[in-house]
file my_file22.txt (compact mmCIF, C-alpha atoms)
# COMPACT_ATOMS: atom_id res chain seq x y z
CA MET Y 1 -1.17 -36.30 -5.50
CA ASN Y 2 -2.18 -37.52 -2.04
CA LEU Y 3 -4.69 -35.74 0.17
CA PRO Y 4 -2.30 -33.81 2.50
CA ALA Y 5 -0.33 -32.56 -0.51
CA ARG Y 6 -3.54 -31.49 -2.22
CA LEU Y 7 -4.73 -29.69 0.89
CA LEU Y 8 -1.37 -27.94 1.27
CA SER Y 9 -1.42 -26.83 -2.38
CA ALA Y 10 -4.99 -25.54 -2.02
CA LEU Y 11 -4.07 -23.65 1.15
CA THR Y 12 -0.98 -22.10 -0.44
CA LEU Y 13 -2.90 -21.09 -3.55
CA THR Y 14 -5.69 -19.59 -1.44
CA THR Y 15 -3.18 -17.59 0.62
CA VAL Y 16 -1.44 -16.28 -2.50
CA LEU Y 17 -4.72 -15.29 -4.16
CA PHE Y 18 -6.07 -13.64 -1.00
CA THR Y 19 -2.81 -11.71 -0.47
CA ALA Y 20 -2.89 -10.52 -4.07
CA GLY Y 21 -6.46 -9.33 -3.54
CA VAL Y 22 -5.55 -7.51 -0.29
CA TRP Y 23 -2.60 -5.79 -2.03
CA GLY Y 24 -4.89 -4.68 -4.88
CA GLY Y 25 -7.51 -3.38 -2.46
CA ARG Y 26 -5.02 -1.45 -0.35
CA THR Y 27 -3.38 0.04 -3.43
CA PHE Y 28 -6.78 1.09 -4.74
CA ALA Y 29 -7.81 2.60 -1.40
CA ALA Y 30 -4.51 4.42 -0.74
CA PRO Y 31 -4.88 8.22 -0.69
CA LYS Y 32 -3.91 9.70 -4.06
CA THR Y 33 -3.80 13.37 -3.11
CA ALA Y 34 -0.49 15.08 -3.88
CA PRO Y 35 1.31 16.37 -0.73
CA ASN Y 36 0.91 19.99 -1.87
CA ASP Y 37 -2.86 19.62 -2.31
CA LEU Y 38 -3.11 17.75 0.99
CA GLY Y 39 -1.31 20.65 2.71
CA LEU Y 40 -3.48 23.28 1.06
CA GLY Y 41 -6.59 21.35 2.06
CA TRP Y 42 -5.38 21.42 5.65
CA LEU Y 43 -4.74 25.18 5.47
CA LYS Y 44 -8.27 25.79 4.20
CA GLU Y 45 -9.85 23.70 6.88
CA TYR Y 46 -7.66 24.82 9.80
CA TYR Y 47 -8.00 28.55 9.11
CA HIS Y 48 -11.65 28.30 7.97
CA LEU Y 49 -10.96 29.95 4.62
CA ASP Y 50 -13.93 30.77 2.40
CA ASP Y 51 -13.74 29.84 -1.28
CA PRO Y 52 -12.66 33.26 -2.70
CA THR Y 53 -9.90 33.58 -0.06
CA PHE Y 54 -8.80 29.99 -0.61
CA SER Y 55 -8.52 30.47 -4.37
CA GLN Y 56 -6.25 33.49 -3.73
CA VAL Y 57 -4.18 31.51 -1.22
CA ALA Y 58 -3.96 28.55 -3.59
CA GLU Y 59 -2.83 30.78 -6.46
CA LEU Y 60 -0.16 32.30 -4.21
CA HIS Y 61 1.06 28.81 -3.33
CA ARG Y 62 1.07 27.67 -6.95
CA SER Y 63 3.41 30.49 -7.99
CA TYR Y 64 5.52 29.89 -4.86
CA PHE Y 65 5.83 26.16 -5.61
CA ALA Y 66 6.82 26.87 -9.22
CA ARG Y 67 9.53 29.36 -8.24
CA CYS Y 68 10.62 27.16 -5.35
CA GLY Y 69 10.91 24.17 -7.71
CA THR Y 70 13.25 26.08 -10.00
CA LEU Y 71 15.43 27.20 -7.09
CA CYS Y 72 15.47 23.68 -5.61
CA ARG Y 73 16.61 22.17 -8.91
CA ARG Y 74 19.36 24.76 -9.25
CA LEU Y 75 20.44 24.06 -5.69
CA THR Y 76 20.57 20.32 -6.38
CA GLU Y 77 22.62 20.88 -9.56
CA THR Y 78 25.03 23.13 -7.66
CA SER Y 79 25.37 20.67 -4.80
CA ARG Y 80 26.05 17.60 -6.95
CA PRO Y 81 29.70 18.37 -7.95
CA LEU Y 82 30.46 19.30 -4.33
CA GLN Y 83 29.58 15.81 -3.14
CA TRP Y 84 32.78 14.47 -4.71
CA PRO Y 85 36.07 14.99 -2.88
CA PRO Y 86 38.27 17.83 -4.25
CA PRO Y 87 40.82 16.73 -6.89
CA HIS Y 88 43.73 18.16 -4.88
CA ARG Y 89 43.69 16.89 -1.32
CA GLY Y 90 42.79 19.56 1.21
CA ARG Y 91 42.42 22.31 -1.38
CA ASP Y 92 39.32 23.58 -3.11
CA THR Y 93 39.54 24.69 -6.70
CA THR Y 94 38.24 28.06 -7.78
CA ASP Y 95 35.28 26.33 -9.43
CA ARG Y 96 34.30 24.64 -6.20
CA GLU Y 97 34.54 27.91 -4.30
CA ALA Y 98 32.27 29.50 -6.87
CA LEU Y 99 29.77 26.64 -6.50
CA ARG Y 100 29.76 27.00 -2.73
CA LEU Y 101 29.12 30.71 -3.07
CA GLU Y 102 26.27 30.05 -5.51
CA GLN Y 103 24.85 27.44 -3.14
CA ARG Y 104 24.83 29.92 -0.25
CA GLU Y 105 23.20 32.58 -2.41
CA LEU Y 106 20.52 30.13 -3.52
CA CYS Y 107 19.83 29.10 0.07
CA THR Y 108 19.48 32.73 1.12
CA GLU Y 109 17.18 33.36 -1.82
CA CYS Y 110 15.05 30.34 -0.93
CA GLU Y 111 14.65 31.48 2.66
CA ARG Y 112 13.89 35.05 1.64
CA ARG Y 113 11.17 33.81 -0.69
CA THR Y 114 9.73 31.54 1.98
CA GLN Y 115 9.50 34.42 4.46
CA GLU Y 116 7.93 36.62 1.80
CA HIS Y 117 5.46 33.86 0.96
CA LEU Y 118 4.48 33.38 4.60
CA HIS Y 119 3.84 37.11 4.97
CA ARG Y 120 1.69 37.16 1.84
CA VAL Y 121 -0.36 34.18 3.01
CA ALA Y 122 -0.74 35.70 6.49
CA ALA Y 123 -2.08 38.89 4.93
CA LEU Y 124 -4.86 36.92 3.21
CA LEU Y 125 -5.99 34.99 6.28
CA PRO Y 126 -9.07 36.03 8.28
CA GLU Y 127 -8.61 38.75 10.87
CA GLY Y 128 -6.44 37.75 13.79
CA GLN Y 129 -5.25 34.54 12.13
CA GLY Y 130 -2.40 36.08 10.11
CA PRO Y 131 -0.04 36.83 13.04
CA LEU Y 132 -0.73 33.37 14.53
CA PHE Y 133 0.05 31.68 11.21
CA LEU Y 134 3.20 33.73 10.77
CA SER Y 135 4.52 33.08 14.27
CA GLU Y 136 3.74 29.34 14.11
CA PHE Y 137 5.44 28.74 10.78
CA THR Y 138 8.39 30.99 11.51
CA ARG Y 139 8.92 28.97 14.70
CA ILE Y 140 8.67 25.67 12.79
CA LEU Y 141 11.15 26.79 10.12
CA GLU Y 142 13.55 28.09 12.77
CA ALA Y 143 13.40 24.72 14.55
CA GLN Y 144 14.14 22.94 11.26
CA ARG Y 145 17.04 25.31 10.60
CA ARG Y 146 18.52 24.61 14.05
CA ARG Y 147 18.11 20.86 13.56
CA LEU Y 148 19.98 21.02 10.27
CA GLY Y 149 22.64 23.32 11.72
CA VAL Y 150 22.08 25.94 9.00
CA ALA Y 151 23.41 29.40 9.93
CA PRO Y 152 20.86 32.23 9.64
CA MET N 153 -5.67 -99.65 -0.78
CA SER N 154 -5.94 -96.19 0.59
CA LYS N 155 -8.88 -94.92 2.63
CA PRO N 156 -11.36 -92.70 0.63
CA ASP N 157 -11.11 -88.96 1.40
CA PRO N 158 -14.33 -87.70 3.19
CA LEU N 159 -14.04 -84.43 1.27
CA GLU N 160 -14.66 -86.25 -1.99
CA ALA N 161 -18.26 -87.02 -0.98
CA LEU N 162 -18.77 -83.35 -0.10
CA LEU N 163 -17.28 -82.19 -3.38
CA ALA N 164 -19.56 -84.58 -5.25
CA GLN N 165 -22.57 -82.88 -3.67
CA TRP N 166 -21.43 -79.34 -4.73
CA SER N 167 -23.08 -77.70 -7.64
CA GLU N 168 -22.61 -74.27 -9.23
CA PRO N 169 -24.70 -71.65 -7.36
CA SER N 170 -27.66 -70.34 -9.15
CA ASP N 171 -28.25 -66.55 -9.79
CA PRO N 172 -28.90 -64.44 -6.66
CA PRO N 173 -32.54 -63.92 -5.86
CA GLU N 174 -34.29 -60.97 -7.42
CA GLY N 175 -33.74 -57.69 -5.58
CA PHE N 176 -30.58 -58.99 -3.89
CA ARG N 177 -28.35 -56.15 -5.13
CA ARG N 178 -30.93 -53.50 -4.31
CA GLU N 179 -31.27 -54.91 -0.83
CA VAL N 180 -27.51 -54.91 -0.28
CA TRP N 181 -27.16 -51.26 -1.38
CA ALA N 182 -30.14 -50.28 0.73
CA ARG N 183 -28.47 -51.85 3.78
CA ILE N 184 -25.18 -50.07 2.99
CA ALA N 185 -26.99 -46.76 2.64
CA GLN N 186 -28.83 -47.37 5.89
CA ARG N 187 -25.59 -47.88 7.82
CA ALA N 188 -23.59 -45.05 6.15
CA SER N 189 -23.50 -41.71 8.03
CA PRO N 190 -25.65 -38.98 6.46
CA VAL N 191 -23.83 -36.42 4.21
CA SER N 192 -23.61 -33.04 5.93
CA VAL N 193 -24.41 -29.74 4.24
CA TRP N 194 -20.74 -28.74 4.62
CA ASP N 195 -19.63 -31.93 2.80
CA ARG N 196 -22.08 -31.27 -0.01
CA LEU N 197 -20.87 -27.65 -0.30
CA THR N 198 -17.20 -28.66 -0.29
CA TRP N 199 -17.83 -31.30 -2.91
CA TRP N 200 -19.69 -28.76 -5.07
CA ILE N 201 -17.03 -26.05 -4.70
CA LEU N 202 -14.08 -28.31 -5.36
CA GLN N 203 -15.31 -29.46 -8.72
CA PRO N 204 -12.68 -28.51 -11.32
CA GLN N 205 -15.12 -26.51 -13.45
CA TYR N 206 -15.63 -24.04 -10.58
CA GLY N 207 -11.88 -23.48 -10.01
CA VAL N 208 -11.73 -20.14 -11.84
CA TRP N 209 -14.78 -18.79 -10.03
CA LEU N 210 -13.41 -19.90 -6.70
CA ALA N 211 -10.07 -18.18 -7.43
CA LEU N 212 -11.91 -14.99 -8.39
CA LEU N 213 -13.99 -15.19 -5.22
CA ILE N 214 -10.86 -15.48 -3.05
CA VAL N 215 -9.17 -12.55 -4.85
CA GLY N 216 -12.39 -10.53 -4.50
CA MET N 217 -12.60 -11.23 -0.78
CA GLY N 218 -8.97 -10.13 -0.40
CA PHE N 219 -9.69 -6.97 -2.40
CA VAL N 220 -12.63 -6.02 -0.19
CA TYR N 221 -10.55 -6.72 2.92
CA GLY N 222 -7.80 -4.45 1.52
CA LEU N 223 -10.32 -1.71 0.71
CA LEU N 224 -11.60 -1.76 4.28
CA ARG N 225 -8.06 -1.43 5.64
CA PRO N 226 -6.32 1.24 3.53
CA PRO N 227 -2.69 2.07 4.37
CA ALA N 228 -2.16 4.86 6.86
CA PRO N 229 -1.12 8.15 5.19
CA VAL N 230 2.63 8.73 5.24
CA LEU N 231 2.19 12.39 6.18
CA SER N 232 -0.43 14.19 8.22
CA PRO N 233 -2.04 17.09 6.27
CA ARG N 234 -0.28 19.62 8.52
CA ASP N 235 3.12 17.97 7.99
CA ALA N 236 2.43 17.89 4.25
CA TYR N 237 1.91 21.67 4.36
CA VAL N 238 5.10 22.27 6.33
CA LEU N 239 7.01 20.03 3.94
CA SER N 240 5.62 21.80 0.90
CA ILE N 241 6.77 25.25 2.02
CA SER N 242 9.93 24.47 3.97
CA PRO N 243 13.26 25.17 2.28
CA PHE N 244 15.02 23.03 4.91
CA ALA N 245 13.81 19.67 3.64
CA LEU N 246 15.30 19.75 0.19
CA GLU N 247 15.05 16.08 -0.76
CA ARG N 248 11.53 15.70 0.57
CA HIS N 249 10.70 19.16 -0.70
CA LEU N 250 11.73 18.20 -4.23
CA GLU N 251 9.46 15.16 -4.03
CA THR N 252 6.48 17.46 -3.51
CA HIS N 253 7.22 19.23 -6.80
CA ARG N 254 7.22 16.03 -8.86
call {"tool": "encode", "arguments": {"input": "my_file22.txt", "output": "structure tokens"}}
result
Amino acid sequence: MNLPARLLSALTLTTVLFTAGVWGGRTFAAPKTAPNDLGLGWLKEYYHLDDPTFSQVAELHRSYFARCGTLCRRLTETSRPLQWPPPHRGRDTTDREALRLEQRELCTECERRTQEHLHRVAALLPEGQGPLFLSEFTRILEAQRRRLGVAP
Amino acid sequence: MSKPDPLEALLAQWSEPSDPPEGFRREVWARIAQRASPVSVWDRLTWWILQPQYGVWLALLIVGMGFVYGLLRPPAPVLSPRDAYVLSISPFALERHLETHR
């Protein structure tokens, strides 16, 4: 192999090895906190929660996430058959009507539980912070609802 | 009769050269070394590094340097902590919401 070819090979190999190292380093350094824990960490810091209050808040969230997960999965299962077009053009079968009804009920249930959860969290926050928390997150959820075009 | 070639007299005088004087080779190499440019530190280092037996160590060094560089520049978080909280409680972001339960 002549000199330019050797130099080019060495340069290519160096670049590949360095890139592999950078990828490894970035993967290793990437934050590994789960989104739920990241969010709870923010709540603790932003509302200056002491440890006993935070453990109560965290417990409340854990049960909310568990219940929410079950409802979300049911909602996904209900929505799946509705993604396909109806077998008879322009007409919904009785089954599909029933699924739509179940979907609406699940959505209502989800929202009701979210509101309930926000009220419970607000009640645990330090004095004066509860109403602020409640109004901020109600406003955020309302904005999301409007963006999605979901009827109240 | 042809005229004698003047080169023949010269050739008759020629004899096989004797061995070079003592120290001839040494002197020649000393002169070559004197005229050659001095080897720089960089050249010495390059020569040392590029020896085949150091190839694995060199590869590890390059990977290690890349790793440290990557550690010093971690990827930016996809979500801010506040957005992560909103996402975790919002029922209006179903797909993303489901991801937070996995």
call {"tool": "residues_around", "arguments": {"input": "my_file22.txt", "residues": "Glu59 (chain Y)", "least_positions_apart": "4", "cutoff": "12 Å", "atoms": "all atoms listed in the file", "output": "VMD selection string"}}
result
chain Y and resid 37 40 52 to 55 63 to 66 117 120 to 121 124
call {"tool": "closest_atom_pairs", "arguments": {"input": "my_file22.txt", "of": "chain N", "to": "chain Y", "cutoff": "12 Å", "atoms": "all atoms listed in the file", "output": "Markdown table"}}
result
| residue | atom | partner | partner_atom | distance |
| --- | --- | --- | --- | --- |
| N:Leu202 | CA | Y:Ala10 | CA | 10.1 |
| N:Gly207 | CA | Y:Ala10 | CA | 10.7 |
| N:Val208 | CA | Y:Leu17 | CA | 11.5 |
| N:Leu210 | CA | Y:Thr14 | CA | 9.3 |
| N:Ala211 | CA | Y:Leu17 | CA | 6.9 |
| N:Leu212 | CA | Y:Leu17 | CA | 8.3 |
| N:Leu213 | CA | Y:Phe18 | CA | 9.1 |
| N:Ile214 | CA | Y:Phe18 | CA | 5.5 |
| N:Val215 | CA | Y:Gly21 | CA | 4.4 |
| N:Gly216 | CA | Y:Gly21 | CA | 6.1 |
| N:Met217 | CA | Y:Phe18 | CA | 7.0 |
| N:Gly218 | CA | Y:Gly21 | CA | 4.1 |
| N:Phe219 | CA | Y:Gly21 | CA | 4.2 |
| N:Val220 | CA | Y:Gly25 | CA | 6.2 |
| N:Tyr221 | CA | Y:Val22 | CA | 6.0 |
| N:Gly222 | CA | Y:Gly25 | CA | 4.1 |
| N:Leu223 | CA | Y:Gly25 | CA | 4.6 |
| N:Leu224 | CA | Y:Gly25 | CA | 8.0 |
| N:Arg225 | CA | Y:Arg26 | CA | 6.7 |
| N:Pro226 | CA | Y:Arg26 | CA | 4.9 |
| N:Pro227 | CA | Y:Ala30 | CA | 5.9 |
| N:Ala228 | CA | Y:Ala30 | CA | 8.0 |
| N:Pro229 | CA | Y:Pro31 | CA | 7.0 |
| N:Val230 | CA | Y:Pro31 | CA | 9.6 |
| N:Leu231 | CA | Y:Pro35 | CA | 8.0 |
| N:Ser232 | CA | Y:Leu38 | CA | 8.5 |
| N:Pro233 | CA | Y:Gly39 | CA | 5.1 |
| N:Arg234 | CA | Y:Gly39 | CA | 6.0 |
| N:Asp235 | CA | Y:Gly39 | CA | 7.4 |
| N:Ala236 | CA | Y:Gly39 | CA | 4.9 |
| N:Tyr237 | CA | Y:Gly39 | CA | 3.8 |
| N:Val238 | CA | Y:Gly39 | CA | 7.5 |
| N:Leu239 | CA | Y:Pro35 | CA | 8.2 |
| N:Ser240 | CA | Y:Asn36 | CA | 5.8 |
| N:Ile241 | CA | Y:Thr114 | CA | 7.0 |
| N:Ser242 | CA | Y:Leu141 | CA | 6.7 |
| N:Pro243 | CA | Y:Cys110 | CA | 6.3 |
| N:Phe244 | CA | Y:Gln144 | CA | 6.4 |
| N:Ala245 | CA | Y:Gln144 | CA | 8.3 |
| N:Leu246 | CA | Y:Cys72 | CA | 7.0 |
| N:Glu247 | CA | Y:Thr76 | CA | 8.9 |
| N:Arg248 | CA | Y:Pro35 | CA | 10.3 |
| N:His249 | CA | Y:Cys72 | CA | 8.2 |
| N:Leu250 | CA | Y:Cys72 | CA | 6.8 |
| N:Glu251 | CA | Y:Pro35 | CA | 8.9 |
| N:Thr252 | CA | Y:Pro35 | CA | 6.0 |
| N:His253 | CA | Y:Gly69 | CA | 6.2 |
| N:Arg254 | CA | Y:Gly69 | CA | 9.0 |
call {"tool": "atom_distance", "arguments": {"input": "my_file22.txt", "atom1": "CA of Gln103 (chain Y)", "atom2": "CA of Arg74 (chain Y)"}}
result
8.6 Å
call {"tool": "atom_distance", "arguments": {"input": "my_file22.txt", "atom1": "CA of Leu60 (chain Y)", "atom2": "CA of Leu125 (chain Y)"}}
result
12.3 Å
call {"tool": "atom_distance", "arguments": {"input": "my_file22.txt", "atom1": "CA of Arg96 (chain Y)", "atom2": "CA of Leu82 (chain Y)"}}
result
6.8 Å
call {"tool": "decode", "arguments": {"input": "my_file22.txt", "residues": "region 194-221 of chain N", "atoms": "N, CA and C atoms", "output": "PDB file, in the first residue's frame"}}
result
ATOM      1  N   TRP N 194       8.763  15.160  17.011  1.00  0.00           N
ATOM      2  CA  TRP N 194       7.493  14.724  16.410  1.00  0.00           C
ATOM      3  C   TRP N 194       7.710  13.467  15.550  1.00  0.00           C
ATOM      4  N   ASP N 195       8.806  13.492  14.750  1.00  0.00           N
ATOM      5  CA  ASP N 195       9.123  12.329  13.900  1.00  0.00           C
ATOM      6  C   ASP N 195       9.398  11.091  14.754  1.00  0.00           C
ATOM      7  N   ARG N 196      10.155  11.309  15.815  1.00  0.00           N
ATOM      8  CA  ARG N 196      10.470  10.182  16.714  1.00  0.00           C
ATOM      9  C   ARG N 196       9.192   9.621  17.311  1.00  0.00           C
ATOM     10  N   LEU N 197       8.283  10.531  17.752  1.00  0.00           N
ATOM     11  CA  LEU N 197       7.024  10.108  18.387  1.00  0.00           C
ATOM     12  C   LEU N 197       6.147   9.347  17.381  1.00  0.00           C
ATOM     13  N   THR N 198       6.036   9.899  16.181  1.00  0.00           N
ATOM     14  CA  THR N 198       5.230   9.255  15.143  1.00  0.00           C
ATOM     15  C   THR N 198       5.760   7.858  14.833  1.00  0.00           C
ATOM     16  N   TRP N 199       7.079   7.797  14.705  1.00  0.00           N
ATOM     17  CA  TRP N 199       7.707   6.499  14.408  1.00  0.00           C
ATOM     18  C   TRP N 199       7.394   5.498  15.517  1.00  0.00           C
ATOM     19  N   TRP N 200       7.474   5.983  16.775  1.00  0.00           N
ATOM     20  CA  TRP N 200       7.249   5.097  17.925  1.00  0.00           C
ATOM     21  C   TRP N 200       5.782   4.636  17.961  1.00  0.00           C
ATOM     22  N   ILE N 201       4.874   5.586  17.729  1.00  0.00           N
ATOM     23  CA  ILE N 201       3.442   5.265  17.822  1.00  0.00           C
ATOM     24  C   ILE N 201       3.008   4.302  16.717  1.00  0.00           C
ATOM     25  N   LEU N 202       3.552   4.529  15.531  1.00  0.00           N
ATOM     26  CA  LEU N 202       3.080   3.746  14.382  1.00  0.00           C
ATOM     27  C   LEU N 202       3.713   2.354  14.266  1.00  0.00           C
ATOM     28  N   GLN N 203       4.393   1.949  15.274  1.00  0.00           N
ATOM     29  CA  GLN N 203       4.921   0.586  15.245  1.00  0.00           C
ATOM     30  C   GLN N 203       3.750  -0.384  15.421  1.00  0.00           C
ATOM     31  N   PRO N 204       3.719  -1.458  14.639  1.00  0.00           N
ATOM     32  CA  PRO N 204       2.550  -2.353  14.661  1.00  0.00           C
ATOM     33  C   PRO N 204       2.194  -2.863  16.055  1.00  0.00           C
ATOM     34  N   GLN N 205       3.198  -3.100  16.902  1.00  0.00           N
ATOM     35  CA  GLN N 205       2.877  -3.668  18.215  1.00  0.00           C
ATOM     36  C   GLN N 205       2.088  -2.719  19.118  1.00  0.00           C
ATOM     37  N   TYR N 206       2.054  -1.426  18.767  1.00  0.00           N
ATOM     38  CA  TYR N 206       1.299  -0.466  19.571  1.00  0.00           C
ATOM     39  C   TYR N 206      -0.084  -0.176  18.991  1.00  0.00           C
ATOM     40  N   GLY N 207      -0.446  -0.856  17.902  1.00  0.00           N
ATOM     41  CA  GLY N 207      -1.711  -0.595  17.208  1.00  0.00           C
ATOM     42  C   GLY N 207      -2.924  -0.697  18.108  1.00  0.00           C
ATOM     43  N   VAL N 208      -2.981  -1.760  18.917  1.00  0.00           N
ATOM     44  CA  VAL N 208      -4.149  -1.980  19.784  1.00  0.00           C
ATOM     45  C   VAL N 208      -4.260  -0.865  20.813  1.00  0.00           C
ATOM     46  N   TRP N 209      -3.103  -0.497  21.388  1.00  0.00           N
ATOM     47  CA  TRP N 209      -3.118   0.562  22.410  1.00  0.00           C
ATOM     48  C   TRP N 209      -3.536   1.905  21.816  1.00  0.00           C
ATOM     49  N   LEU N 210      -3.060   2.125  20.593  1.00  0.00           N
ATOM     50  CA  LEU N 210      -3.410   3.374  19.920  1.00  0.00           C
ATOM     51  C   LEU N 210      -4.916   3.423  19.644  1.00  0.00           C
ATOM     52  N   ALA N 211      -5.468   2.288  19.190  1.00  0.00           N
ATOM     53  CA  ALA N 211      -6.914   2.219  18.926  1.00  0.00           C
ATOM     54  C   ALA N 211      -7.698   2.470  20.205  1.00  0.00           C
ATOM     55  N   LEU N 212      -7.239   1.862  21.309  1.00  0.00           N
ATOM     56  CA  LEU N 212      -7.919   2.056  22.595  1.00  0.00           C
ATOM     57  C   LEU N 212      -7.835   3.512  23.051  1.00  0.00           C
ATOM     58  N   LEU N 213      -6.685   4.118  22.784  1.00  0.00           N
ATOM     59  CA  LEU N 213      -6.498   5.526  23.171  1.00  0.00           C
ATOM     60  C   LEU N 213      -7.478   6.424  22.407  1.00  0.00           C
ATOM     61  N   ILE N 214      -7.634   6.152  21.112  1.00  0.00           N
ATOM     62  CA  ILE N 214      -8.542   6.973  20.289  1.00  0.00           C
ATOM     63  C   ILE N 214      -9.981   6.781  20.766  1.00  0.00           C
ATOM     64  N   VAL N 215     -10.374   5.521  21.018  1.00  0.00           N
ATOM     65  CA  VAL N 215     -11.739   5.255  21.512  1.00  0.00           C
ATOM     66  C   VAL N 215     -11.939   5.952  22.863  1.00  0.00           C
ATOM     67  N   GLY N 216     -10.931   5.866  23.715  1.00  0.00           N
ATOM     68  CA  GLY N 216     -11.007   6.496  25.041  1.00  0.00           C
ATOM     69  C   GLY N 216     -11.165   8.001  24.943  1.00  0.00           C
ATOM     70  N   MET N 217     -10.420   8.614  24.024  1.00  0.00           N
ATOM     71  CA  MET N 217     -10.536  10.068  23.848  1.00  0.00           C
ATOM     72  C   MET N 217     -11.942  10.436  23.370  1.00  0.00           C
ATOM     73  N   GLY N 218     -12.472   9.628  22.449  1.00  0.00           N
ATOM     74  CA  GLY N 218     -13.843   9.847  21.975  1.00  0.00           C
ATOM     75  C   GLY N 218     -14.845   9.695  23.103  1.00  0.00           C
ATOM     76  N   PHE N 219     -14.636   8.707  23.956  1.00  0.00           N
ATOM     77  CA  PHE N 219     -15.546   8.445  25.082  1.00  0.00           C
ATOM     78  C   PHE N 219     -15.578   9.642  26.040  1.00  0.00           C
ATOM     79  N   VAL N 220     -14.391  10.143  26.358  1.00  0.00           N
ATOM     80  CA  VAL N 220     -14.314  11.306  27.263  1.00  0.00           C
ATOM     81  C   VAL N 220     -14.998  12.518  26.623  1.00  0.00           C
ATOM     82  N   TYR N 221     -14.760  12.707  25.333  1.00  0.00           N
ATOM     83  CA  TYR N 221     -15.390  13.821  24.613  1.00  0.00           C
ATOM     84  C   TYR N 221     -16.922  13.687  24.682  1.00  0.00           C
TER      85      TYR N 221
END
